[in-house]
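Engineer: Below is the structure I would like to discuss, written out as structure tokens.
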Amino acid sequence: MITGLAMDLVAIVVLAYGLYYRRHHRRDLLFAYVALNVGIFAVVSLLLVQRVDIAVGFGLFGVLSIIRLRSNEITQQEIAYYFVAIVLGLVNGIAGAWPLTALLLNCVLLVVMFVADHPGLLGRTRHQVVTLDVVHADPELLRVDLESRLRARVVQCVVTQIDYVRDVTVVDVRYVVPNARAGVR
């Protein structure tokens with residue numbers, strides 16, 4: 001159990017502080033990831049000592065994770081970090097029987113998160129909900145207006161709301177920011 005706890009603490013520190021916080025800078029979620037991970041590690045360790053059916057533990061974790069993840073303030077990236085924090089707690093809580101396997105799984109999870117969330121991979125792609133002070137009847141004019149305002153190439157735009165009374169359009173936009181070094185889009 002001590003080995004599993006040590007591996008878990010190292011893994012969650014790397015995930016939360018080394019990867020997530022350095023890239024996303026949300027202090028509130030940083031604490032949530034660490035607390036969730038350590039709490040899950042403790043519960044899994046207790047379930048193994050008490051010989052409770054592991055399915056009960058997995059069901060409990062599923063319910064707990066769904067409750068918090070239904071917030072609109074959390075992005076899909078942040079949900080992925082939540083999931084990995086949960087998995088690290090589970091893997092390391094069970095690590096007593098297979099510490100080398102747990103260590104390997106920790107490394108795989110952390111490397112995957114490092115690569116998948118690396119800013120160099122898809123760092124120029126952005127997502128934003130934009131409220132315009134105009135209603136465009138022509139989708140191409142809407143695209144040109146968004147590209148002008150965002151100074152970026154629009155990849156996809158979906159109108160989510162139109163208010164003809166106030167002359168307002170709300171658009172969900174996916175776009176690619178220009179490459180600063182090349183000076184092109």
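Residues are named by chain letter and number: chains run A, B, ... in the order of the structure tokens, numbers start at 1 in each chain, and ligands are numbered from 1 in the order shown.
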Would you mind listing what lies within 9 Å of Gln161 of chain A as a PyMOL selection string, with only C-alpha atoms counted and same-chain residues fewer than 4 positions away left out?
Structural biologist: chain A and resi 168-171
Engineer: So that I can see what lies close to segment 28-38 of chain A, please list as a ChimeraX atom specification the residues with an atom at most 10 Å from it, counting only C-alpha atoms and leaving out residues fewer than 3 positions away in the same chain.
Structural biologist: /A:5,8-9,11-13,15-17,20-21,24-25,41-44,61,64-65,74,78,81-90,92-93
Engineer: What does the file look like for those residues with N, CA and C atoms, as an mmCIF file, in the first residue's frame?
Structural biologist:
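Writing the result to again29.cif gives the following:
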data_model
loop_
_atom_site.group_PDB
_atom_site.id
_atom_site.type_symbol
_atom_site.label_atom_id
_atom_site.label_comp_id
_atom_site.auth_asym_id
_atom_site.auth_seq_id
_atom_site.Cartn_x
_atom_site.Cartn_y
_atom_site.Cartn_z
ATOM 1 N N LEU A 5 0.720 4.221 -2.737
ATOM 2 C CA LEU A 5 0.494 5.608 -2.336
ATOM 3 C C LEU A 5 1.585 6.515 -2.889
ATOM 4 N N ASP A 8 1.065 6.897 -6.566
ATOM 5 C CA ASP A 8 -0.122 7.721 -6.819
ATOM 6 C C ASP A 8 0.182 9.198 -6.610
ATOM 7 N N LEU A 9 0.872 9.524 -5.523
ATOM 8 C CA LEU A 9 1.180 10.930 -5.247
ATOM 9 C C LEU A 9 2.100 11.522 -6.313
ATOM 10 N N ALA A 11 2.339 10.454 -9.439
ATOM 11 C CA ALA A 11 1.567 10.530 -10.685
ATOM 12 C C ALA A 11 0.597 11.710 -10.681
ATOM 13 N N ILE A 12 -0.117 11.945 -9.582
ATOM 14 C CA ILE A 12 -1.088 13.039 -9.564
ATOM 15 C C ILE A 12 -0.390 14.393 -9.536
ATOM 16 N N VAL A 13 0.765 14.476 -8.905
ATOM 17 C CA VAL A 13 1.523 15.733 -8.932
ATOM 18 C C VAL A 13 1.982 16.036 -10.360
ATOM 19 N N LEU A 15 0.563 14.919 -13.148
ATOM 20 C CA LEU A 15 -0.632 15.228 -13.945
ATOM 21 C C LEU A 15 -1.175 16.614 -13.628
ATOM 22 N N ALA A 16 -1.403 16.891 -12.350
ATOM 23 C CA ALA A 16 -2.066 18.133 -11.956
ATOM 24 C C ALA A 16 -1.165 19.356 -12.070
ATOM 25 N N TYR A 17 0.014 19.271 -11.483
ATOM 26 C CA TYR A 17 0.901 20.431 -11.459
ATOM 27 C C TYR A 17 1.793 20.517 -12.704
ATOM 28 N N TYR A 20 -1.403 19.738 -16.241
ATOM 29 C CA TYR A 20 -2.632 20.534 -16.302
ATOM 30 C C TYR A 20 -2.413 22.007 -15.955
ATOM 31 N N TYR A 21 -1.881 22.276 -14.792
ATOM 32 C CA TYR A 21 -1.782 23.672 -14.344
ATOM 33 C C TYR A 21 -0.857 24.498 -15.227
ATOM 34 N N HIS A 24 -3.133 25.042 -18.454
ATOM 35 C CA HIS A 24 -4.487 25.595 -18.395
ATOM 36 C C HIS A 24 -4.702 26.627 -17.288
ATOM 37 N N HIS A 25 -3.868 26.645 -16.291
ATOM 38 C CA HIS A 25 -3.850 27.669 -15.234
ATOM 39 C C HIS A 25 -5.170 27.838 -14.489
ATOM 40 N N PHE A 41 -7.973 6.841 -4.251
ATOM 41 C CA PHE A 41 -6.931 5.918 -3.809
ATOM 42 C C PHE A 41 -7.285 5.358 -2.424
ATOM 43 N N ALA A 42 -7.701 6.226 -1.519
ATOM 44 C CA ALA A 42 -8.027 5.786 -0.158
ATOM 45 C C ALA A 42 -9.200 4.808 -0.152
ATOM 46 N N VAL A 43 -10.242 5.120 -0.925
ATOM 47 C CA VAL A 43 -11.420 4.247 -0.948
ATOM 48 C C VAL A 43 -11.083 2.892 -1.565
ATOM 49 N N VAL A 44 -10.337 2.891 -2.656
ATOM 50 C CA VAL A 44 -9.963 1.621 -3.289
ATOM 51 C C VAL A 44 -9.107 0.794 -2.337
ATOM 52 N N PHE A 61 -17.605 5.297 -7.786
ATOM 53 C CA PHE A 61 -16.773 6.273 -8.487
ATOM 54 C C PHE A 61 -17.493 6.837 -9.704
ATOM 55 N N LEU A 64 -20.015 9.424 -8.451
ATOM 56 C CA LEU A 64 -19.343 10.640 -7.981
ATOM 57 C C LEU A 64 -18.781 11.475 -9.136
ATOM 58 N N SER A 65 -18.218 10.832 -10.135
ATOM 59 C CA SER A 65 -17.632 11.585 -11.239
ATOM 60 C C SER A 65 -18.691 12.235 -12.114
ATOM 61 N N ILE A 74 -16.861 23.301 -17.269
ATOM 62 C CA ILE A 74 -15.753 22.370 -17.447
ATOM 63 C C ILE A 74 -15.686 21.952 -18.908
ATOM 64 N N GLU A 78 -10.752 19.248 -19.648
ATOM 65 C CA GLU A 78 -10.726 19.151 -18.191
ATOM 66 C C GLU A 78 -11.420 17.878 -17.714
ATOM 67 N N TYR A 81 -8.854 15.218 -17.903
ATOM 68 C CA TYR A 81 -7.964 15.242 -16.742
ATOM 69 C C TYR A 81 -8.657 14.635 -15.514
ATOM 70 N N TYR A 82 -9.952 14.919 -15.328
ATOM 71 C CA TYR A 82 -10.706 14.295 -14.239
ATOM 72 C C TYR A 82 -10.653 12.777 -14.376
ATOM 73 N N PHE A 83 -10.932 12.295 -15.566
ATOM 74 C CA PHE A 83 -10.956 10.860 -15.798
ATOM 75 C C PHE A 83 -9.603 10.226 -15.483
ATOM 76 N N VAL A 84 -8.533 10.839 -15.954
ATOM 77 C CA VAL A 84 -7.196 10.283 -15.698
ATOM 78 C C VAL A 84 -6.867 10.352 -14.207
ATOM 79 N N ALA A 85 -7.282 11.413 -13.524
ATOM 80 C CA ALA A 85 -7.062 11.491 -12.070
ATOM 81 C C ALA A 85 -7.781 10.340 -11.364
ATOM 82 N N ILE A 86 -8.989 10.027 -11.811
ATOM 83 C CA ILE A 86 -9.743 8.905 -11.235
ATOM 84 C C ILE A 86 -9.017 7.589 -11.525
ATOM 85 N N VAL A 87 -8.616 7.388 -12.761
ATOM 86 C CA VAL A 87 -7.958 6.137 -13.152
ATOM 87 C C VAL A 87 -6.642 5.954 -12.402
ATOM 88 N N LEU A 88 -5.871 7.034 -12.246
ATOM 89 C CA LEU A 88 -4.619 6.926 -11.490
ATOM 90 C C LEU A 88 -4.891 6.484 -10.049
ATOM 91 N N GLY A 89 -5.928 7.036 -9.438
ATOM 92 C CA GLY A 89 -6.286 6.625 -8.084
ATOM 93 C C GLY A 89 -6.664 5.158 -8.013
ATOM 94 N N LEU A 90 -7.431 4.693 -9.006
ATOM 95 C CA LEU A 90 -7.837 3.286 -9.052
ATOM 96 C C LEU A 90 -6.631 2.371 -9.268
ATOM 97 N N ASN A 92 -3.432 2.893 -8.774
ATOM 98 C CA ASN A 92 -2.470 2.881 -7.673
ATOM 99 C C ASN A 92 -3.067 2.330 -6.388
ATOM 100 N N GLY A 93 -4.381 2.410 -6.244
ATOM 101 C CA GLY A 93 -5.024 1.790 -5.084
ATOM 102 C C GLY A 93 -4.938 0.281 -5.128
#
Engineer: In Å, with one decimal, what is the gap from atom CA of Pro119 of chain A to atom CA of Gln77 of chain A?
Structural biologist: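 A separation of 12.2 Å between them.
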Engineer: Would you mind reading off the distance between atom CA of Ala80 of chain A and atom CA of Val49 of chain A, one decimal, in Å?
Structural biologist: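 Interatomic distance, atom CA of Ala80 of chain A to atom CA of Val49 of chain A: 29.1 Å.
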Engineer: Could you please write out, as a VMD selection string, every residue of segment 95-156 of chain A that DSSP assigns to strand (DSSP E)?
Structural biologist: chain A and resid 125 to 132 153 to 156
Engineer: Find the residues near Arg153 of chain A: any atom within 9 Å, counting only C-alpha atoms, skip ones fewer than 5 places away on the same chain, and give them as an MDAnalysis selection string.
Structural biologist: chainID A and resid 143 146:148 174:178 185
Engineer: Find the spatial neighbours of segment 94-103 of chain A, counting only C-alpha atoms, within a cut-off of 8 Å - ignore same-chain residues fewer than 4 positions away - and output them as a JSON list (two decimals) with N, CA and C atoms, in the first residue's frame.
Structural biologist:
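The result, stored in around_15.json:
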[["chain", "number", "residue", "atom", "x", "y", "z"],
["A", 1, "MET", "N", 0.82, -1.20, 0.00],
["A", 1, "MET", "CA", 0.00, 0.00, 0.00],
["A", 1, "MET", "C", 0.87, 1.26, 0.00],
["A", 3, "THR", "N", 3.83, 1.61, -1.38],
["A", 3, "THR", "CA", 4.34, 1.78, -2.74],
["A", 3, "THR", "C", 3.28, 2.38, -3.64],
["A", 4, "GLY", "N", 2.07, 1.86, -3.52],
["A", 4, "GLY", "CA", 0.96, 2.39, -4.33],
["A", 4, "GLY", "C", 0.69, 3.85, -4.01],
["A", 7, "MET", "N", 3.49, 5.99, -5.55],
["A", 7, "MET", "CA", 3.32, 6.10, -7.00],
["A", 7, "MET", "C", 2.14, 7.01, -7.34],
["A", 44, "VAL", "N", -10.34, 2.89, -2.66],
["A", 44, "VAL", "CA", -9.96, 1.62, -3.29],
["A", 44, "VAL", "C", -9.11, 0.79, -2.34],
["A", 45, "SER", "N", -8.17, 1.43, -1.66],
["A", 45, "SER", "CA", -7.33, 0.71, -0.70],
["A", 45, "SER", "C", -8.19, 0.10, 0.40],
["A", 48, "LEU", "N", -10.19, -2.91, -0.86],
["A", 48, "LEU", "CA", -9.36, -4.11, -1.00],
["A", 48, "LEU", "C", -9.06, -4.76, 0.35],
["A", 90, "LEU", "N", -7.43, 4.69, -9.01],
["A", 90, "LEU", "CA", -7.84, 3.29, -9.05],
["A", 90, "LEU", "C", -6.63, 2.37, -9.27],
["A", 107, "CYS", "N", 2.85, 5.62, -16.18],
["A", 107, "CYS", "CA", 3.68, 6.24, -17.22],
["A", 107, "CYS", "C", 2.91, 6.38, -18.54]]
Engineer: Out of segment 125-173 of chain A, which residues get helix (DSSP H, G or I) from DSSP, as a list of chain:residue names?
Structural biologist: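 Taking segment 125-173 of chain A and keeping helix (DSSP H, G or I) gives A:Pro139, A:Glu140, A:Leu141, A:Leu142, A:Arg143, A:Val144, A:Asp145, A:Leu146, A:Glu147, A:Ser148, A:Arg149, A:Leu150.
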Engineer: Name the closest residue to Glu73 of chain A among the candidates A:Leu105, A:Arg26, A:Gly120, A:Gly39; distances are taken between atoms, counting only C-alpha atoms.
Structural biologist: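 Closest candidate: A:Arg26.
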Engineer: Excluding Leu19 of chain A and any residue of its chain fewer than 4 positions from it, enumerate the residues within 8 Å of it, using only C-alpha atoms, and give them as number ranges by chain.
Structural biologist: A: 14-15, 23, 113-114
Engineer: Kindly export the residues of the current selection with C-alpha atoms, as a compact mmCIF listing (two decimals), in the first residue's frame.
Structural biologist:
# COMPACT_ATOMS: atom_id res chain seq x y z
CA VAL A 14 2.88 15.23 -12.46
CA LEU A 15 -0.63 15.23 -13.94
CA ARG A 23 -1.05 24.47 -19.62
CA MET A 113 -1.95 13.14 -21.57
CA PHE A 114 1.30 14.99 -22.24
Engineer: Name the closest residue to Gly123 of chain A among the candidates A:Val159, A:Asn179, A:His136, A:Val10; distances are taken between atoms, counting only C-alpha atoms.
Structural biologist: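 Once distances to Gly123 of chain A are computed over only C-alpha atoms, the minimum belongs to A:Asn179.
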